[in-house]
Amino acid sequence: PGATTTASLPTPGLQQLLDQAGNDGIGFNPALASVSCPVERGPAKDGSDSTRFKVSTTVTATTIAYLASRPKPTSYPKATRIAPYELKTFQVRAYLTQYKTESDGDIHLVLKDSAGHTMIAELPYGSCVPSASRWKSQIASARAAMTHAYPVSTSWRYLHRLVDVRGIGMFDPLHGQTGASASGLELHPVTAIAFR
């Protein structure tokens, strides 16, 4: 009598905490990022997955509306890609409307077309991109182009700049990410960015 019991609650994973929508409380910290590189679909995000050499090198010019309308997958394998959309290199021309450095070090870009469709493109943090990544050098070049053009911080920055963004298709499970497309399809990793 008088004893209290507490129900055990599921402990959120580190990636889930880092990715929570609106979580600006955990700023970017290189030491934290080095141990909290993307976990959920990490190999697909950084290009070190086992199916990376199946990705076509032919660049497919497309639109945000097309990518957003692709069907969501029924499962999200961690170390392999989802055919056919994750086996393609896409390029879109759109407006970069906001961006920030996430707590895991990736630079999160929100792209928007003239009809209001949005999607995410991500520039991975270099220290989280393993040498096995097929696109390690392109990722580094794209990130350098972004940080040379605009200051980057953990706070959202807003603009309206026409850009061409090239990257590998990657479905991210929807969990309230700012700017996510209806399908969760992103350009992740970004392999090139050009400002117009």
# chains A, B, ... in the order shown; residues from 1 in each chain; ligands from 1
>>> closest_atom_pairs(of="segment 80-109 of chain A", to="segment 128-134 of chain A", cutoff="9 Å", atoms="only C-alpha atoms", output="CSV")
residue,atom,partner,partner_atom,distance
A:Asp104,CA,A:Cys128,CA,8.6
A:Gly105,CA,A:Cys128,CA,8.2
A:Asp106,CA,A:Cys128,CA,8.8
>>> write_last_selection(atoms="N, CA, C and O atoms", output="PDB file, in the first residue's frame")
ATOM      1  N   ASP A 104      22.306  17.341 -36.546  1.00  0.00           N
ATOM      2  CA  ASP A 104      23.261  16.310 -36.968  1.00  0.00           C
ATOM      3  C   ASP A 104      24.275  16.857 -37.966  1.00  0.00           C
ATOM      4  O   ASP A 104      25.118  16.125 -38.470  1.00  0.00           O
ATOM      5  N   GLY A 105      24.194  18.163 -38.283  1.00  0.00           N
ATOM      6  CA  GLY A 105      25.161  18.801 -39.161  1.00  0.00           C
ATOM      7  C   GLY A 105      24.723  18.940 -40.603  1.00  0.00           C
ATOM      8  O   GLY A 105      25.316  19.707 -41.357  1.00  0.00           O
ATOM      9  N   ASP A 106      23.691  18.200 -41.023  1.00  0.00           N
ATOM     10  CA  ASP A 106      23.207  18.332 -42.394  1.00  0.00           C
ATOM     11  C   ASP A 106      22.598  19.718 -42.598  1.00  0.00           C
ATOM     12  O   ASP A 106      21.976  20.271 -41.682  1.00  0.00           O
TER      13      ASP A 106
END
>>> residues_around(residues="Ala194 of chain A", least_positions_apart="2", cutoff="9 Å", atoms="only C-alpha atoms", output="list in words")
Ala142, Ala145, Met146, Leu162, Val163, Asp164, Val165, Arg166, Ala192 and Arg196 of chain A
>>> write_last_selection(atoms="N, CA and C atoms", output="CSV table (one decimal), in the first residue's frame")
chain,number,residue,atom,x,y,z
A,142,ALA,N,29.2,20.5,-53.2
A,142,ALA,CA,27.9,21.1,-53.1
A,142,ALA,C,27.8,21.9,-51.8
A,145,ALA,N,29.7,25.1,-52.0
A,145,ALA,CA,29.0,26.1,-52.8
A,145,ALA,C,28.0,26.8,-52.0
A,146,MET,N,27.2,26.0,-51.2
A,146,MET,CA,26.2,26.6,-50.4
A,146,MET,C,26.7,27.5,-49.3
A,162,LEU,N,16.3,31.5,-57.0
A,162,LEU,CA,16.2,30.4,-57.9
A,162,LEU,C,17.5,29.6,-58.0
A,163,VAL,N,17.3,28.2,-57.8
A,163,VAL,CA,18.5,27.4,-57.8
A,163,VAL,C,18.2,26.1,-58.7
A,164,ASP,N,19.3,25.5,-59.1
A,164,ASP,CA,19.3,24.2,-59.7
A,164,ASP,C,19.9,23.3,-58.7
A,165,VAL,N,19.2,22.3,-58.3
A,165,VAL,CA,19.7,21.3,-57.3
A,165,VAL,C,19.7,19.9,-57.9
A,166,ARG,N,20.8,19.3,-57.8
A,166,ARG,CA,21.0,17.9,-58.2
A,166,ARG,C,21.2,17.0,-57.0
A,192,ALA,N,25.1,18.6,-56.2
A,192,ALA,CA,25.5,19.8,-56.9
A,192,ALA,C,24.4,20.9,-56.7
A,196,ARG,N,21.0,30.8,-59.5
A,196,ARG,CA,20.6,31.5,-60.7
A,196,ARG,C,20.4,33.0,-60.4
>>> atom_distance(atom1="atom CA of Ser103 of chain A", atom2="atom CA of Gly179 of chain A")
16.9 Å
>>> atom_distance(atom1="atom CA of Ala94 of chain A", atom2="atom CA of Leu111 of chain A")
6.0 Å
>>> select_by_dssp(residues="chain A", states="strand (DSSP E)", output="PyMOL selection string")
chain A and resi 59-62+89-101+107-112+118-123+157-171+185-195
>>> closest_residue(among="A:Ser69, A:Thr89, A:Ser141, A:Ser183", to="Val55 of chain A", atoms="only C-alpha atoms")
A:Thr89
>>> residues_around(residues="segment 71-75 of chain A", least_positions_apart="6", cutoff="9 Å", atoms="only C-alpha atoms", output="list in words")
Ile82, Phe171, Pro173, Ala182, Ser183, Gly184 and Leu185 of chain A
>>> write_last_selection(atoms="N, CA, C and O atoms", output="tab-separated table (two decimals), in the first residue's frame")
chain	number	residue	atom	x	y	z
A	82	ILE	N	15.38	2.04	-52.60
A	82	ILE	CA	14.04	1.66	-53.04
A	82	ILE	C	13.91	1.99	-54.52
A	82	ILE	O	13.94	3.16	-54.91
A	171	PHE	N	13.71	8.42	-50.10
A	171	PHE	CA	12.47	8.55	-49.33
A	171	PHE	C	12.79	8.61	-47.84
A	171	PHE	O	13.42	7.71	-47.30
A	173	PRO	N	10.98	8.76	-44.13
A	173	PRO	CA	9.68	8.62	-43.49
A	173	PRO	C	9.19	9.98	-42.98
A	173	PRO	O	9.95	10.74	-42.40
A	182	ALA	N	4.84	15.58	-50.27
A	182	ALA	CA	3.76	14.68	-49.87
A	182	ALA	C	4.21	13.23	-49.81
A	182	ALA	O	3.71	12.44	-49.00
A	183	SER	N	5.17	12.86	-50.64
A	183	SER	CA	5.65	11.48	-50.68
A	183	SER	C	6.83	11.22	-49.75
A	183	SER	O	7.20	10.08	-49.52
A	184	GLY	N	7.42	12.31	-49.23
A	184	GLY	CA	8.64	12.15	-48.42
A	184	GLY	C	9.89	11.99	-49.26
A	184	GLY	O	10.97	11.78	-48.73
A	185	LEU	N	9.75	12.09	-50.60
A	185	LEU	CA	10.92	11.97	-51.48
A	185	LEU	C	11.74	13.24	-51.40
A	185	LEU	O	11.22	14.35	-51.51
>>> atom_distance(atom1="atom CA of Pro189 of chain A", atom2="atom CA of Ala65 of chain A")
19.2 Å
>>> decode(residues="segment 89-179 of chain A", atoms="C-alpha atoms", output="PDB file, in the first residue's frame")
ATOM      1  CA  THR A  89      19.930  11.190 -60.056  1.00  0.00           C
ATOM      2  CA  PHE A  90      17.418  14.029 -60.274  1.00  0.00           C
ATOM      3  CA  GLN A  91      17.788  17.732 -60.934  1.00  0.00           C
ATOM      4  CA  VAL A  92      15.140  20.338 -60.186  1.00  0.00           C
ATOM      5  CA  ARG A  93      14.996  24.065 -60.759  1.00  0.00           C
ATOM      6  CA  ALA A  94      13.081  25.714 -57.942  1.00  0.00           C
ATOM      7  CA  TYR A  95      13.221  28.477 -55.357  1.00  0.00           C
ATOM      8  CA  LEU A  96      15.295  27.972 -52.247  1.00  0.00           C
ATOM      9  CA  THR A  97      13.004  29.511 -49.627  1.00  0.00           C
ATOM     10  CA  GLN A  98      14.599  28.546 -46.317  1.00  0.00           C
ATOM     11  CA  TYR A  99      17.492  26.575 -44.907  1.00  0.00           C
ATOM     12  CA  LYS A 100      19.370  25.786 -41.717  1.00  0.00           C
ATOM     13  CA  THR A 101      21.968  23.474 -40.241  1.00  0.00           C
ATOM     14  CA  GLU A 102      20.303  20.621 -38.380  1.00  0.00           C
ATOM     15  CA  SER A 103      21.609  19.227 -35.126  1.00  0.00           C
ATOM     16  CA  ASP A 104      23.261  16.310 -36.968  1.00  0.00           C
ATOM     17  CA  GLY A 105      25.161  18.801 -39.161  1.00  0.00           C
ATOM     18  CA  ASP A 106      23.207  18.332 -42.394  1.00  0.00           C
ATOM     19  CA  ILE A 107      22.082  21.514 -44.132  1.00  0.00           C
ATOM     20  CA  HIS A 108      18.327  21.246 -44.677  1.00  0.00           C
ATOM     21  CA  LEU A 109      17.082  23.097 -47.766  1.00  0.00           C
ATOM     22  CA  VAL A 110      13.419  23.782 -48.491  1.00  0.00           C
ATOM     23  CA  LEU A 111      12.717  24.013 -52.230  1.00  0.00           C
ATOM     24  CA  LYS A 112       9.464  25.441 -53.590  1.00  0.00           C
ATOM     25  CA  ASP A 113       7.992  25.709 -57.074  1.00  0.00           C
ATOM     26  CA  SER A 114       5.749  28.446 -58.453  1.00  0.00           C
ATOM     27  CA  ALA A 115       2.633  26.390 -57.634  1.00  0.00           C
ATOM     28  CA  GLY A 116       3.579  26.096 -53.954  1.00  0.00           C
ATOM     29  CA  HIS A 117       4.780  22.466 -53.952  1.00  0.00           C
ATOM     30  CA  THR A 118       7.733  21.928 -51.621  1.00  0.00           C
ATOM     31  CA  MET A 119      10.381  19.322 -51.055  1.00  0.00           C
ATOM     32  CA  ILE A 120      13.534  18.882 -49.010  1.00  0.00           C
ATOM     33  CA  ALA A 121      17.099  18.660 -50.249  1.00  0.00           C
ATOM     34  CA  GLU A 122      19.923  17.869 -47.819  1.00  0.00           C
ATOM     35  CA  LEU A 123      23.644  18.587 -47.821  1.00  0.00           C
ATOM     36  CA  PRO A 124      25.227  16.020 -45.477  1.00  0.00           C
ATOM     37  CA  TYR A 125      27.791  16.997 -42.865  1.00  0.00           C
ATOM     38  CA  GLY A 126      31.224  15.979 -44.173  1.00  0.00           C
ATOM     39  CA  SER A 127      32.333  14.191 -41.008  1.00  0.00           C
ATOM     40  CA  CYS A 128      29.251  11.971 -41.278  1.00  0.00           C
ATOM     41  CA  VAL A 129      29.942  10.974 -44.881  1.00  0.00           C
ATOM     42  CA  PRO A 130      32.063   7.795 -44.868  1.00  0.00           C
ATOM     43  CA  SER A 131      34.799   7.181 -47.390  1.00  0.00           C
ATOM     44  CA  ALA A 132      32.583   4.410 -48.827  1.00  0.00           C
ATOM     45  CA  SER A 133      30.125   7.039 -50.056  1.00  0.00           C
ATOM     46  CA  ARG A 134      29.895   7.045 -53.843  1.00  0.00           C
ATOM     47  CA  TRP A 135      29.329  10.810 -53.819  1.00  0.00           C
ATOM     48  CA  LYS A 136      31.677  11.981 -51.055  1.00  0.00           C
ATOM     49  CA  SER A 137      33.546  14.524 -53.198  1.00  0.00           C
ATOM     50  CA  GLN A 138      30.386  15.838 -54.897  1.00  0.00           C
ATOM     51  CA  ILE A 139      28.686  16.237 -51.507  1.00  0.00           C
ATOM     52  CA  ALA A 140      31.675  18.234 -50.240  1.00  0.00           C
ATOM     53  CA  SER A 141      31.664  20.460 -53.352  1.00  0.00           C
ATOM     54  CA  ALA A 142      27.919  21.111 -53.145  1.00  0.00           C
ATOM     55  CA  ARG A 143      28.126  21.953 -49.453  1.00  0.00           C
ATOM     56  CA  ALA A 144      31.058  24.304 -50.094  1.00  0.00           C
ATOM     57  CA  ALA A 145      29.049  26.055 -52.835  1.00  0.00           C
ATOM     58  CA  MET A 146      26.170  26.585 -50.407  1.00  0.00           C
ATOM     59  CA  THR A 147      28.263  27.843 -47.511  1.00  0.00           C
ATOM     60  CA  HIS A 148      30.247  30.127 -49.842  1.00  0.00           C
ATOM     61  CA  ALA A 149      27.028  31.702 -51.155  1.00  0.00           C
ATOM     62  CA  TYR A 150      25.139  32.110 -47.863  1.00  0.00           C
ATOM     63  CA  PRO A 151      25.839  32.106 -44.130  1.00  0.00           C
ATOM     64  CA  VAL A 152      24.555  28.969 -42.464  1.00  0.00           C
ATOM     65  CA  SER A 153      23.453  28.552 -38.859  1.00  0.00           C
ATOM     66  CA  THR A 154      21.075  26.482 -36.748  1.00  0.00           C
ATOM     67  CA  SER A 155      18.352  29.124 -37.125  1.00  0.00           C
ATOM     68  CA  TRP A 156      16.101  29.189 -40.148  1.00  0.00           C
ATOM     69  CA  ARG A 157      17.183  31.676 -42.798  1.00  0.00           C
ATOM     70  CA  TYR A 158      14.717  32.780 -45.436  1.00  0.00           C
ATOM     71  CA  LEU A 159      15.219  33.873 -49.030  1.00  0.00           C
ATOM     72  CA  HIS A 160      13.706  33.518 -52.495  1.00  0.00           C
ATOM     73  CA  ARG A 161      16.532  32.401 -54.770  1.00  0.00           C
ATOM     74  CA  LEU A 162      16.203  30.372 -57.935  1.00  0.00           C
ATOM     75  CA  VAL A 163      18.498  27.351 -57.816  1.00  0.00           C
ATOM     76  CA  ASP A 164      19.287  24.198 -59.732  1.00  0.00           C
ATOM     77  CA  VAL A 165      19.702  21.338 -57.281  1.00  0.00           C
ATOM     78  CA  ARG A 166      20.984  17.904 -58.245  1.00  0.00           C
ATOM     79  CA  GLY A 167      20.836  14.926 -55.941  1.00  0.00           C
ATOM     80  CA  ILE A 168      19.938  11.320 -55.401  1.00  0.00           C
ATOM     81  CA  GLY A 169      16.316  10.408 -54.746  1.00  0.00           C
ATOM     82  CA  MET A 170      15.731   9.241 -51.165  1.00  0.00           C
ATOM     83  CA  PHE A 171      12.466   8.549 -49.334  1.00  0.00           C
ATOM     84  CA  ASP A 172      12.505   9.808 -45.757  1.00  0.00           C
ATOM     85  CA  PRO A 173       9.676   8.617 -43.487  1.00  0.00           C
ATOM     86  CA  LEU A 174       7.387  11.579 -42.846  1.00  0.00           C
ATOM     87  CA  HIS A 175       7.586  12.897 -39.291  1.00  0.00           C
ATOM     88  CA  GLY A 176       6.752  16.571 -39.646  1.00  0.00           C
ATOM     89  CA  GLN A 177       9.896  17.786 -41.397  1.00  0.00           C
ATOM     90  CA  THR A 178       9.671  21.382 -42.588  1.00  0.00           C
ATOM     91  CA  GLY A 179       9.126  21.467 -46.348  1.00  0.00           C
TER      92      GLY A 179
END
